[in-house]
$ cat input_31.cif   # mmCIF, C-alpha atoms and all ligand atoms
data_my_file
loop_
_atom_site.label_atom_id
_atom_site.label_comp_id
_atom_site.auth_asym_id
_atom_site.auth_seq_id
_atom_site.Cartn_x
_atom_site.Cartn_y
_atom_site.Cartn_z
CA MET Y 1 4.11 16.27 2.59
CA ASN Y 2 4.36 17.98 5.98
CA VAL Y 3 4.75 21.35 4.25
CA TYR Y 4 1.57 20.63 2.31
CA ASP Y 5 -0.27 19.45 5.43
CA ALA Y 6 0.80 22.56 7.36
CA GLU Y 7 -0.55 24.79 4.58
CA ARG Y 8 -3.86 22.95 4.63
CA MET Y 9 -4.12 23.22 8.43
CA SER Y 10 -3.40 26.92 8.21
CA GLU Y 11 -6.12 27.34 5.56
CA ALA Y 12 -8.62 25.38 7.71
CA LEU Y 13 -7.96 27.63 10.71
CA GLN Y 14 -8.10 30.80 8.62
CA ALA Y 15 -11.58 29.75 7.54
CA HIS Y 16 -12.45 29.84 11.26
CA GLY Y 17 -11.29 33.41 11.78
CA MET Y 18 -7.70 32.71 12.82
CA ALA Y 19 -4.68 34.27 11.13
CA GLU Y 20 -1.05 33.25 10.73
CA SER Y 21 1.10 35.17 13.22
CA GLY Y 22 3.67 35.91 10.54
CA GLU Y 23 6.39 35.44 13.15
CA SER Y 24 9.28 33.14 12.43
CA ASP Y 25 9.00 31.49 15.82
CA GLY Y 26 5.49 32.24 17.13
CA GLU Y 27 6.80 34.64 19.81
CA THR Y 28 3.36 36.09 20.59
CA ALA Y 29 1.04 33.58 18.89
CA ASP Y 30 -2.02 32.36 20.83
CA VAL Y 31 -1.81 28.92 19.25
CA LEU Y 32 1.31 27.05 18.21
CA ILE Y 33 1.07 23.96 16.03
CA LEU Y 34 4.08 21.66 15.88
CA ASN Y 35 3.69 19.48 12.82
CA THR Y 36 5.97 16.52 13.31
CA CYS Y 37 7.81 13.80 11.43
CA HIS Y 38 8.47 10.36 12.88
CA ILE Y 39 10.57 8.84 10.15
CA ARG Y 40 13.83 8.87 12.13
CA GLU Y 41 14.43 9.13 15.86
CA LYS Y 42 16.02 12.59 15.66
CA ALA Y 43 12.84 14.02 14.20
CA ALA Y 44 10.79 12.91 17.23
CA GLU Y 45 13.38 14.15 19.73
CA LYS Y 46 13.17 17.60 18.18
CA LEU Y 47 9.52 17.79 19.21
CA TYR Y 48 10.21 17.50 22.95
CA HIS Y 49 13.10 19.90 22.67
CA GLU Y 50 10.91 22.47 20.87
CA VAL Y 51 7.99 22.14 23.32
CA GLY Y 52 10.41 22.71 26.21
CA ARG Y 53 11.91 25.76 24.54
CA ILE Y 54 8.55 27.29 23.58
CA SER Y 55 6.95 26.79 26.97
CA ALA Y 56 10.00 28.15 28.83
CA ARG Y 57 9.92 31.29 26.71
CA ALA Y 58 6.14 31.70 27.11
CA ARG Y 59 6.49 31.35 30.91
CA GLU Y 60 9.13 34.09 30.93
CA ASP Y 61 6.77 36.33 28.98
CA GLY Y 62 3.86 35.45 31.26
CA ARG Y 63 1.89 33.81 28.43
CA LYS Y 64 0.19 30.43 28.07
CA PRO Y 65 -0.21 29.68 24.39
CA VAL Y 66 -2.19 26.66 23.25
CA ILE Y 67 0.27 24.06 21.96
CA ALA Y 68 -0.96 21.46 19.49
CA VAL Y 69 1.16 18.56 18.23
CA THR Y 70 0.14 17.21 14.85
CA GLY Y 71 1.64 14.78 12.32
CA CYS Y 72 3.21 11.38 12.65
CA VAL Y 73 4.81 11.73 16.10
CA ALA Y 74 1.29 12.60 17.32
CA GLN Y 75 -0.04 9.47 15.64
CA ALA Y 76 2.70 7.22 16.99
CA GLU Y 77 2.93 8.51 20.57
CA GLY Y 78 -0.62 9.78 21.19
CA ALA Y 79 -1.47 10.66 24.79
CA GLU Y 80 2.10 9.81 25.83
CA ILE Y 81 3.07 13.24 24.45
CA ILE Y 82 0.81 15.02 26.92
CA ARG Y 83 2.16 12.88 29.76
CA ARG Y 84 5.75 13.63 28.80
CA ALA Y 85 5.30 17.30 27.84
CA LYS Y 86 2.70 18.85 30.12
CA ALA Y 87 2.58 22.08 28.13
CA VAL Y 88 0.97 20.26 25.18
CA ASP Y 89 -2.82 20.78 24.97
CA LEU Y 90 -3.81 18.88 21.83
CA VAL Y 91 -2.52 15.82 19.96
CA VAL Y 92 -3.86 15.34 16.43
CA GLY Y 93 -2.84 12.63 13.96
CA PRO Y 94 -2.27 13.29 10.24
CA GLN Y 95 -5.66 11.92 9.20
CA ALA Y 96 -7.60 14.10 11.64
CA TYR Y 97 -6.33 17.62 11.14
CA HIS Y 98 -9.53 18.76 9.42
CA ARG Y 99 -10.97 18.54 12.95
CA LEU Y 100 -8.40 21.02 14.34
CA PRO Y 101 -10.80 24.00 14.39
CA GLU Y 102 -13.37 21.98 16.38
CA LEU Y 103 -10.71 20.59 18.74
CA LEU Y 104 -9.31 24.07 19.38
CA ALA Y 105 -12.82 25.33 20.15
CA ARG Y 106 -13.35 22.48 22.62
CA GLN Y 107 -9.98 23.20 24.20
CA SER Y 108 -10.82 26.88 24.67
CA ALA Y 109 -14.16 25.84 26.21
CA GLY Y 110 -12.18 24.08 28.93
CA GLU Y 111 -11.65 20.47 27.75
CA THR Y 112 -8.18 19.13 28.42
CA GLY Y 113 -6.00 16.31 27.14
CA LEU Y 114 -7.65 16.17 23.71
CA VAL Y 115 -6.19 13.44 21.51
CA ASP Y 116 -7.56 12.66 18.04
CA LEU Y 117 -5.82 9.83 16.23
CA ASP Y 118 -8.73 8.65 14.09
CA MET Y 119 -8.10 7.45 10.57
CA PRO Y 120 -11.60 8.05 9.20
CA ILE Y 121 -12.91 6.52 5.98
CA SER Y 122 -14.14 9.85 4.60
CA PRO Y 123 -11.08 11.69 3.32
CA LYS Y 124 -10.03 14.80 5.19
CA PHE Y 125 -9.36 16.67 1.95
CA ASP Y 126 -13.07 16.78 1.10
CA VAL Y 127 -13.85 18.83 4.19
CA LEU Y 128 -10.93 21.21 4.03
CA PRO Y 129 -11.51 24.64 2.47
CA ALA Y 130 -10.38 25.54 -1.06
CA ARG Y 131 -6.71 26.25 -1.71
CA ARG Y 132 -5.60 29.87 -1.50
CA LYS Y 133 -2.00 29.32 -2.51
CA ARG Y 134 -0.17 32.22 -4.13
CA GLY Y 135 3.20 31.71 -5.74
CA PRO Y 136 4.46 29.83 -8.76
CA SER Y 137 5.02 26.36 -7.33
CA ALA Y 138 2.72 24.28 -5.13
CA PHE Y 139 2.33 20.80 -3.71
CA LEU Y 140 -0.77 18.74 -4.28
CA THR Y 141 -1.35 15.52 -2.34
CA VAL Y 142 -2.81 12.83 -4.60
CA GLN Y 143 -2.14 9.74 -2.51
CA GLU Y 144 -1.36 9.00 1.10
CA GLY Y 145 -0.19 6.08 3.14
CA CYS Y 146 1.67 2.94 2.23
CA ASP Y 147 1.10 -0.82 2.23
CA LYS Y 148 4.69 -1.81 1.48
CA PHE Y 149 5.90 -2.36 5.05
CA CYS Y 150 9.61 -1.95 4.48
CA ALA Y 151 11.16 -3.47 7.61
CA PHE Y 152 12.64 -0.15 8.79
CA CYS Y 153 9.74 2.21 8.14
CA VAL Y 154 6.98 3.69 10.33
CA VAL Y 155 4.93 5.22 7.51
CA PRO Y 156 2.44 2.32 7.11
CA TYR Y 157 1.68 2.63 10.84
CA THR Y 158 1.50 6.43 11.12
CA ARG Y 159 -0.03 7.41 7.79
CA GLY Y 160 -2.13 4.29 7.38
CA GLY Y 161 -2.70 2.15 4.29
CA GLU Y 162 -2.46 3.32 0.69
CA ALA Y 163 -5.33 5.63 -0.27
CA SER Y 164 -5.73 7.61 -3.51
CA ARG Y 165 -7.74 10.79 -3.92
CA PRO Y 166 -10.27 10.69 -6.75
CA LEU Y 167 -9.15 12.26 -10.05
CA ASP Y 168 -11.99 14.83 -9.96
CA ALA Y 169 -10.87 16.16 -6.59
CA ILE Y 170 -7.25 16.36 -7.77
CA LEU Y 171 -8.21 18.24 -10.95
CA ALA Y 172 -10.42 20.64 -8.96
CA GLU Y 173 -7.56 21.45 -6.59
CA ALA Y 174 -5.14 21.83 -9.51
CA ARG Y 175 -7.53 24.34 -11.13
CA GLN Y 176 -7.76 26.35 -7.90
CA LEU Y 177 -3.98 26.43 -7.71
CA VAL Y 178 -3.63 27.66 -11.30
CA GLU Y 179 -6.23 30.36 -10.65
CA GLY Y 180 -4.08 31.47 -7.70
CA GLY Y 181 -1.05 31.92 -9.97
CA VAL Y 182 0.59 28.51 -9.68
CA ARG Y 183 2.51 27.30 -12.76
CA GLU Y 184 4.22 24.24 -11.34
CA ILE Y 185 2.48 21.45 -9.45
CA THR Y 186 4.33 18.78 -7.48
CA LEU Y 187 2.15 15.73 -6.96
CA LEU Y 188 2.72 14.21 -3.55
CA GLY Y 189 2.26 10.78 -2.06
CA GLN Y 190 4.26 8.36 0.09
CA ASN Y 191 3.80 6.09 -2.89
CA VAL Y 192 2.67 8.52 -5.54
CA ASN Y 193 2.97 6.11 -8.44
CA ALA Y 194 0.62 3.65 -6.72
CA TRP Y 195 -2.13 6.21 -7.35
CA ALA Y 196 -5.25 4.74 -8.94
CA ASP Y 197 -8.84 5.78 -9.57
CA GLY Y 198 -10.88 2.97 -11.10
CA ASN Y 199 -9.00 1.83 -14.17
CA LYS Y 200 -6.89 5.01 -14.34
CA GLY Y 201 -3.32 4.92 -13.13
CA PHE Y 202 -0.57 7.43 -12.45
CA GLY Y 203 0.29 8.00 -16.13
CA GLN Y 204 -3.29 8.95 -17.00
CA MET Y 205 -3.52 11.27 -14.01
CA VAL Y 206 -0.42 13.17 -15.12
CA GLU Y 207 -1.88 13.38 -18.62
CA ALA Y 208 -5.14 14.85 -17.26
CA ILE Y 209 -3.29 17.47 -15.20
CA ALA Y 210 -1.06 18.40 -18.16
CA ALA Y 211 -4.23 19.06 -20.18
CA LEU Y 212 -5.29 21.85 -17.78
CA PRO Y 213 -4.49 25.26 -19.24
CA GLY Y 214 -1.85 27.08 -17.20
CA VAL Y 215 -0.02 24.05 -15.81
CA ASP Y 216 3.48 24.60 -17.20
CA ARG Y 217 5.35 22.10 -15.08
CA ILE Y 218 4.50 18.86 -13.30
CA ARG Y 219 6.68 17.01 -10.80
CA TYR Y 220 5.96 14.13 -8.43
CA THR Y 221 7.42 12.43 -5.41
CA THR Y 222 7.98 9.76 -4.01
CA SER Y 223 7.84 6.69 -6.23
CA HIS Y 224 8.36 3.03 -5.41
CA PRO Y 225 10.20 0.80 -7.90
CA ARG Y 226 7.53 -1.90 -7.63
CA ASP Y 227 4.75 0.47 -8.73
CA VAL Y 228 6.44 1.74 -11.89
CA THR Y 229 4.26 1.14 -14.95
CA GLU Y 230 4.91 1.43 -18.66
CA ALA Y 231 2.42 4.36 -18.74
CA MET Y 232 4.49 6.19 -16.14
CA ILE Y 233 7.67 5.73 -18.16
CA ARG Y 234 5.88 6.75 -21.39
CA ALA Y 235 4.62 9.90 -19.67
CA HIS Y 236 8.24 11.07 -19.45
CA ALA Y 237 8.61 10.67 -23.19
CA ASP Y 238 5.23 12.05 -24.24
CA ILE Y 239 4.18 14.81 -21.83
CA PRO Y 240 6.31 17.94 -22.23
CA GLN Y 241 5.02 19.49 -18.98
CA LEU Y 242 6.33 16.51 -16.99
CA MET Y 243 9.78 17.58 -15.83
CA PRO Y 244 12.77 15.31 -16.54
CA TYR Y 245 13.25 14.36 -12.92
CA LEU Y 246 12.71 11.05 -11.14
CA HIS Y 247 13.05 10.38 -7.42
CA LEU Y 248 13.20 6.60 -7.18
CA PRO Y 249 14.45 5.48 -3.75
CA VAL Y 250 16.47 2.27 -3.75
CA GLN Y 251 17.69 2.33 -0.09
CA SER Y 252 20.50 -0.21 -0.65
CA GLY Y 253 22.51 -1.77 -3.47
CA SER Y 254 22.80 -5.18 -1.80
CA ASP Y 255 20.30 -7.87 -2.75
CA ARG Y 256 20.72 -9.46 0.66
CA VAL Y 257 19.90 -6.18 2.44
CA LEU Y 258 17.07 -5.34 0.02
CA ALA Y 259 15.48 -8.70 0.86
CA ALA Y 260 15.95 -8.13 4.60
CA MET Y 261 14.41 -4.66 4.16
CA ASN Y 262 11.36 -6.25 2.50
CA ARG Y 263 11.79 -3.86 -0.43
CA LYS Y 264 10.22 -6.33 -2.87
CA HIS Y 265 12.82 -5.62 -5.56
CA ASP Y 266 16.46 -6.45 -6.18
CA ARG Y 267 19.23 -4.41 -7.76
CA ASP Y 268 18.81 -5.84 -11.27
CA PHE Y 269 15.12 -4.97 -11.23
CA TYR Y 270 16.07 -1.40 -10.25
CA PHE Y 271 18.73 -1.15 -12.99
CA GLY Y 272 16.15 -2.39 -15.50
CA LEU Y 273 13.78 0.43 -14.53
CA ILE Y 274 16.51 3.07 -14.71
CA ASP Y 275 17.44 1.87 -18.21
CA ARG Y 276 13.80 2.05 -19.36
CA PHE Y 277 13.30 5.55 -17.93
CA ARG Y 278 16.52 6.73 -19.56
CA ALA Y 279 15.52 5.25 -22.90
CA ALA Y 280 12.26 7.24 -22.69
CA ARG Y 281 13.94 10.46 -21.51
CA PRO Y 282 17.74 10.43 -21.90
CA ASP Y 283 18.32 13.67 -19.96
CA LEU Y 284 16.36 12.48 -16.89
CA ALA Y 285 17.82 13.59 -13.53
CA ILE Y 286 17.63 10.58 -11.22
CA THR Y 287 17.65 10.89 -7.44
CA SER Y 288 17.23 8.43 -4.59
CA ASP Y 289 17.12 7.75 -0.85
CA PHE Y 290 19.67 5.50 0.87
CA ILE Y 291 19.90 3.93 4.29
CA VAL Y 292 23.31 2.83 5.56
CA GLY Y 293 23.87 0.50 8.51
CA PHE Y 294 20.64 -1.47 8.25
CA PRO Y 295 20.88 -4.36 10.78
CA GLY Y 296 23.26 -7.02 9.51
CA GLU Y 297 24.75 -4.83 6.74
CA THR Y 298 28.31 -6.02 6.06
CA GLU Y 299 31.14 -4.14 4.40
CA ALA Y 300 30.47 -6.22 1.25
CA ASP Y 301 26.78 -5.17 1.31
CA PHE Y 302 27.81 -1.55 1.64
CA ALA Y 303 30.26 -1.95 -1.27
CA ASP Y 304 27.25 -3.10 -3.35
CA THR Y 305 25.50 0.18 -2.48
CA LEU Y 306 28.54 2.16 -3.67
CA SER Y 307 28.69 0.15 -6.89
CA LEU Y 308 24.97 0.72 -7.53
CA VAL Y 309 25.53 4.46 -7.13
CA GLU Y 310 28.46 4.30 -9.56
CA ARG Y 311 26.38 2.48 -12.12
CA VAL Y 312 23.29 4.74 -11.92
CA GLY Y 313 24.95 8.15 -11.59
CA TYR Y 314 22.65 10.29 -9.45
CA ALA Y 315 21.85 13.97 -9.88
CA GLN Y 316 21.16 14.23 -6.16
CA ALA Y 317 20.26 11.97 -3.24
CA PHE Y 318 19.26 11.79 0.39
CA SER Y 319 21.16 9.37 2.61
CA PHE Y 320 20.58 8.45 6.22
CA LYS Y 321 21.96 6.29 8.98
CA TYR Y 322 19.51 3.55 9.86
CA SER Y 323 17.43 4.67 12.84
CA PRO Y 324 15.55 1.94 14.76
CA ARG Y 325 11.84 2.76 15.01
CA LEU Y 326 9.75 1.13 17.72
CA GLY Y 327 7.17 -1.28 16.31
CA THR Y 328 9.02 -1.97 13.04
CA PRO Y 329 10.54 -5.45 12.46
CA ALA Y 330 14.10 -4.18 11.86
CA ALA Y 331 14.20 -2.51 15.28
CA GLU Y 332 13.80 -5.96 16.90
CA ARG Y 333 16.90 -7.38 15.26
CA THR Y 334 19.86 -8.23 17.44
CA ASP Y 335 22.48 -7.52 14.74
CA GLN Y 336 22.30 -3.72 14.93
CA ILE Y 337 25.29 -1.88 13.46
CA ASP Y 338 27.60 0.32 15.57
CA GLU Y 339 26.97 4.06 15.34
CA ASP Y 340 30.62 4.63 14.34
CA VAL Y 341 30.38 2.18 11.48
CA LYS Y 342 27.15 3.83 10.28
CA SER Y 343 28.75 7.28 10.42
CA GLU Y 344 31.80 6.16 8.51
CA ARG Y 345 29.72 4.47 5.78
CA LEU Y 346 27.44 7.48 5.53
CA HIS Y 347 30.44 9.72 5.04
CA ARG Y 348 31.83 7.55 2.24
CA LEU Y 349 28.45 7.36 0.50
CA GLN Y 350 27.83 11.10 0.80
CA THR Y 351 31.27 11.89 -0.61
CA LEU Y 352 30.46 9.85 -3.71
CA LEU Y 353 26.96 11.32 -4.04
CA GLN Y 354 28.34 14.88 -3.72
CA GLU Y 355 30.84 14.19 -6.50
CA GLN Y 356 27.98 12.98 -8.66
CA SER Y 357 25.85 16.08 -7.93
CA LEU Y 358 28.72 18.32 -8.90
CA ALA Y 359 29.36 16.31 -12.08
CA PHE Y 360 25.66 16.45 -12.94
CA ASN Y 361 25.53 20.24 -12.49
CA ARG Y 362 28.80 20.76 -14.39
CA GLN Y 363 27.59 18.88 -17.46
CA SER Y 364 24.70 21.40 -17.69
CA VAL Y 365 27.12 24.32 -18.06
CA GLY Y 366 27.05 25.73 -21.60
CA SER Y 367 23.49 24.58 -22.28
CA SER Y 368 20.35 26.66 -22.03
CA CYS Y 369 17.03 25.85 -20.38
CA ASP Y 370 13.87 27.37 -18.89
CA ILE Y 371 13.95 28.56 -15.30
CA LEU Y 372 10.88 29.12 -13.14
CA ILE Y 373 11.67 32.05 -10.85
CA GLU Y 374 10.65 31.22 -7.27
CA ARG Y 375 12.19 33.86 -5.00
CA ARG Y 376 14.63 36.71 -4.60
CA GLY Y 377 18.30 35.98 -4.06
CA ARG Y 378 20.50 37.53 -1.41
CA HIS Y 379 21.81 40.40 -3.55
CA ALA Y 380 19.99 43.20 -5.34
CA GLY Y 381 18.52 42.17 -8.69
CA GLN Y 382 19.27 38.50 -7.95
CA TRP Y 383 16.63 35.80 -8.41
CA ILE Y 384 16.54 32.09 -7.73
CA GLY Y 385 14.63 29.67 -9.88
CA LYS Y 386 14.52 26.01 -10.79
CA SER Y 387 15.74 24.30 -13.92
CA PRO Y 388 13.71 21.40 -15.37
CA TRP Y 389 16.12 19.08 -13.48
CA LEU Y 390 15.27 20.80 -10.17
CA GLN Y 391 18.64 22.51 -9.96
CA SER Y 392 18.64 25.90 -8.19
CA VAL Y 393 19.74 28.56 -10.67
CA VAL Y 394 20.74 32.09 -9.69
CA VAL Y 395 19.98 34.78 -12.30
CA THR Y 396 20.76 38.46 -11.92
CA ASP Y 397 18.40 40.75 -13.81
CA PRO Y 398 16.34 43.62 -12.38
CA SER Y 399 13.46 43.04 -14.82
CA LEU Y 400 12.50 39.62 -13.42
CA SER Y 401 9.81 38.74 -10.91
CA VAL Y 402 8.55 35.68 -9.06
CA GLY Y 403 6.58 33.38 -11.36
CA ASP Y 404 8.47 34.26 -14.55
CA LEU Y 405 9.43 31.34 -16.75
CA VAL Y 406 12.53 32.49 -18.57
CA ARG Y 407 15.21 31.05 -20.82
CA VAL Y 408 18.76 31.19 -19.48
CA GLU Y 409 22.20 29.98 -20.44
CA LEU Y 410 23.87 28.07 -17.61
CA VAL Y 411 27.33 29.54 -17.15
CA SER Y 412 28.79 27.99 -13.98
CA ALA Y 413 28.02 25.26 -11.48
CA GLY Y 414 28.64 24.25 -7.86
CA PRO Y 415 27.36 21.16 -6.04
CA ASN Y 416 24.17 22.91 -4.87
CA SER Y 417 23.39 25.56 -7.46
CA LEU Y 418 24.21 27.02 -10.86
CA GLU Y 419 24.47 30.49 -12.31
CA GLY Y 420 22.46 31.45 -15.38
CA HIS Y 421 22.44 34.37 -17.81
CA LEU Y 422 19.07 35.56 -19.07
CA LEU Y 423 18.55 34.89 -22.80
CA THR Y 424 14.97 35.99 -23.44
CA MET Y 425 11.93 36.78 -21.37
CA LYS Y 426 9.66 33.87 -22.29
CA THR Y 427 6.25 34.45 -20.68
CA ALA Y 428 5.22 36.69 -17.82
CA ALA Y 429 3.10 35.26 -15.04
N1 LIG Z 1 16.02 4.97 9.41
C1 LIG Z 1 16.66 5.74 8.50
N2 LIG Z 1 16.09 6.23 7.39
C2 LIG Z 1 14.78 5.93 7.19
N3 LIG Z 1 13.94 6.25 6.19
C3 LIG Z 1 12.75 5.72 6.44
N4 LIG Z 1 12.78 5.04 7.62
C4 LIG Z 1 14.05 5.15 8.09
C5 LIG Z 1 14.70 4.66 9.24
N5 LIG Z 1 14.08 3.91 10.14
C6 LIG Z 1 14.37 7.00 5.02
C7 LIG Z 1 14.19 6.17 3.74
C8 LIG Z 1 13.01 6.82 3.09
C9 LIG Z 1 13.17 8.25 3.54
C10 LIG Z 1 11.97 9.11 3.41
O1 LIG Z 1 13.56 8.15 4.88
O2 LIG Z 1 15.35 6.33 2.95
O3 LIG Z 1 13.00 6.69 1.68
FE1 LIG Z 2 8.15 3.42 4.07
FE2 LIG Z 2 8.46 4.05 1.47
FE3 LIG Z 2 8.78 1.49 2.33
FE4 LIG Z 2 6.34 2.61 2.29
S1 LIG Z 2 7.67 2.17 0.49
S2 LIG Z 2 7.19 1.36 3.92
S3 LIG Z 2 6.80 4.74 2.86
S4 LIG Z 2 10.06 3.30 2.85
#

$ encode --input "input_31.cif" --output "structure tokens"
Amino acid sequence: MNVYDAERMSEALQAHGMAESGESDGETADVLILNTCHIREKAAEKLYHEVGRISARAREDGRKPVIAVTGCVAQAEGAEIIRRAKAVDLVVGPQAYHRLPELLARQSAGETGLVDLDMPISPKFDVLPARRKRGPSAFLTVQEGCDKFCAFCVVPYTRGGEASRPLDAILAEARQLVEGGVREITLLGQNVNAWADGNKGFGQMVEAIAALPGVDRIRYTTSHPRDVTEAMIRAHADIPQLMPYLHLPVQSGSDRVLAAMNRKHDRDFYFGLIDRFRAARPDLAITSDFIVGFPGETEADFADTLSLVERVGYAQAFSFKYSPRLGTPAAERTDQIDEDVKSERLHRLQTLLQEQSLAFNRQSVGSSCDILIERRGRHAGQWIGKSPWLQSVVVTDPSLSVGDLVRVELVSAGPNSLEGHLLTMKTAA
């Protein structure tokens, strides 16, 4: 979502006569925007480290760039950021970045200490300029915010409550993307499957997007188990453009921990969903997020997480050590787990998940599938694309280009990517 937000901010500023510096690190840029994540402590620490590094380098070069901090750290820490990092000029929360051009203008007119953390009723997307995205794959935000209040999570506080964009606005943006050459759309939301517009739910939205000419592939992330509907499961059986991939975070395999996390589901409920999705689409790649070392997690609780992983069999997963976030209920608990215990559990979980990723990729070897070519590889004539199951596939063929959707045979597999041999050129972009 931050990648998407950064693109939209860039587009908004380009509409006001600014241009991207094109530099990897903004060495000579007049304005630097640090778009931040607040989900774990490390992410917030990075901000202060980066501001220090950027301002030291600018001082050496005799420059004073404008530094803006946007995103969820901005929302959570507000004016405190300017107090702690004097080089920062602007602090703008994730619901206010459509006002960036105006705030930058005010800053250059001499105003200081500008902080905009408003969460306005009128959606920011309506006032942002049209998408100009080029390239075969693009994100599209359809829903923002979350009302679930998992005990560990800052999202409901930083991104605000659940809000869906209207279907018309989503379809209009999807059309713009397709006109710009996009063939694959990834629908984004903190709780994407909670999306609703009147009596239409997530399944109907996917159906409407699939009906647009030129949309070859649809993906979505992230889903919550509690918001899964029959229509969403059916979509995986009925809509060929919907890729066989499901990111369904479970966080823990222990019912005791799930209850303490306020996840509003238990492990049996989760297994039931997985079985229904697999019945609808047997080849579905299933992925998840896990937190180890939530306050009070015992070795027996952690063993339940390992056994859940064994039972589901994941194609891929993200796993994290629990990180206490100020203002969330779990951070107040007195039964925090030792860092060493968290590290050791994370290592065991990641070893198992890695084995499963490798097994998942290996079972694809020998089969053929369509690959959407996204970028060049490291060597001459080498291209990297995505399989329907979101695996990275390397194909070597000088005739290819970005945006091609081609049929390949998968010939070998590692934990992070596969190699494919071109079978036929399917359709050119
Ligand atoms: N500590 C560790 N991981 C967290 N996540 C969210 N909050 C925390 C936290 N306080 C993880 C969850 C979520 C993912 C995006 O980040 O697994 O699904
Ligand atoms: Fe955070 Fe996801 Fe829980 Fe919402 S559902 S509170 S975004 S972890």

$ residues_around --input "input_31.cif" --residues "Phe302 in chain Y" --least-positions-apart "6" --cutoff "8 Å" --atoms "all atoms listed in the file" --output "number ranges by chain"
Y: 252-254, 292, 345

$ closest_atom_pairs --input "input_31.cif" --of "chain Y" --to "ligand LIG 2 (chain Z)" --cutoff "8 Å" --atoms "all atoms listed in the file" --output "JSON lines"
{"residue": "Y:Gly145", "atom": "CA", "partner": "Z:LIG2", "partner_atom": "S3", "distance": 7.1}
{"residue": "Y:Cys146", "atom": "CA", "partner": "Z:LIG2", "partner_atom": "FE4", "distance": 4.7}
{"residue": "Y:Asp147", "atom": "CA", "partner": "Z:LIG2", "partner_atom": "FE4", "distance": 6.3}
{"residue": "Y:Lys148", "atom": "CA", "partner": "Z:LIG2", "partner_atom": "S2", "distance": 4.7}
{"residue": "Y:Phe149", "atom": "CA", "partner": "Z:LIG2", "partner_atom": "S2", "distance": 4.1}
{"residue": "Y:Cys150", "atom": "CA", "partner": "Z:LIG2", "partner_atom": "S2", "distance": 4.1}
{"residue": "Y:Ala151", "atom": "CA", "partner": "Z:LIG2", "partner_atom": "S2", "distance": 7.3}
{"residue": "Y:Phe152", "atom": "CA", "partner": "Z:LIG2", "partner_atom": "S4", "distance": 7.3}
{"residue": "Y:Cys153", "atom": "CA", "partner": "Z:LIG2", "partner_atom": "FE1", "distance": 4.5}
{"residue": "Y:Val154", "atom": "CA", "partner": "Z:LIG2", "partner_atom": "FE1", "distance": 6.4}
{"residue": "Y:Val155", "atom": "CA", "partner": "Z:LIG2", "partner_atom": "S3", "distance": 5.0}
{"residue": "Y:Pro156", "atom": "CA", "partner": "Z:LIG2", "partner_atom": "S2", "distance": 5.8}
{"residue": "Y:Gln190", "atom": "CA", "partner": "Z:LIG2", "partner_atom": "S3", "distance": 5.2}
{"residue": "Y:Asn191", "atom": "CA", "partner": "Z:LIG2", "partner_atom": "S1", "distance": 6.5}
{"residue": "Y:Thr222", "atom": "CA", "partner": "Z:LIG2", "partner_atom": "FE2", "distance": 7.9}
{"residue": "Y:His224", "atom": "CA", "partner": "Z:LIG2", "partner_atom": "S1", "distance": 6.0}
{"residue": "Y:Arg263", "atom": "CA", "partner": "Z:LIG2", "partner_atom": "FE3", "distance": 6.7}

$ atom_distance --input "input_31.cif" --atom1 "CA of Met243 in chain Y" --atom2 "CA of Ser164 in chain Y"
22.2 Å

$ residues_around --input "input_31.cif" --residues "Gly377 in chain Y" --least-positions-apart "3" --cutoff "12 Å" --atoms "only C-alpha atoms" --output "list in words"
Ile373, Glu374, Ala380, Gly381, Gln382, Trp383, Ile384, Gly385, Ser392, Val393, Val394, Val395, Thr396, Asp397, Pro398, Leu400, Ser401, Val402 and Glu419 of chain Y

$ residues_around --input "input_31.cif" --residues "Ala280 in chain Y" --least-positions-apart "2" --cutoff "10 Å" --atoms "all atoms listed in the file" --output "list in words"
Ile233, Arg234, Ala235, His236, Ala237, Asp238, Ile274, Asp275, Arg276, Phe277, Arg278, Pro282, Asp283 and Leu284 of chain Y

$ residues_near_ligand --input "input_31.cif" --ligand "ligand LIG 1 (chain Z)" --cutoff "10 Å" --atoms "only C-alpha atoms and all ligand atoms" --output "ChimeraX atom specification"
/Y:38-42,150-155,190,222-224,247-252,288-294,317-326,328,330-331

$ residues_around --input "input_31.cif" --residues "range 107-119 of chain Y" --least-positions-apart "5" --cutoff "7 Å" --atoms "all atoms listed in the file" --output "short mmCIF file (atom, residue, chain, number, x, y, z; two decimals) with C-alpha atoms, in the frame of the given file"
data_model
loop_
_atom_site.label_atom_id
_atom_site.label_comp_id
_atom_site.auth_asym_id
_atom_site.auth_seq_id
_atom_site.Cartn_x
_atom_site.Cartn_y
_atom_site.Cartn_z
CA GLN Y 75 -0.04 9.47 15.64
CA GLY Y 78 -0.62 9.78 21.19
CA ALA Y 79 -1.47 10.66 24.79
CA ILE Y 82 0.81 15.02 26.92
CA ASP Y 89 -2.82 20.78 24.97
CA LEU Y 90 -3.81 18.88 21.83
CA VAL Y 91 -2.52 15.82 19.96
CA VAL Y 92 -3.86 15.34 16.43
CA GLY Y 93 -2.84 12.63 13.96
CA GLN Y 95 -5.66 11.92 9.20
CA ALA Y 96 -7.60 14.10 11.64
#

$ residues_around --input "input_31.cif" --residues "Leu13 in chain Y" --least-positions-apart "3" --cutoff "12 Å" --atoms "only C-alpha atoms" --output "list in words"
Ala6, Glu7, Arg8, Met9, Ser10, His16, Gly17, Met18, Ala19, Glu20, Val31, Leu32, Ile33, Tyr97, His98, Arg99, Leu100, Pro101, Glu102, Leu103, Leu104, Ala105, Leu128 and Pro129 of chain Y
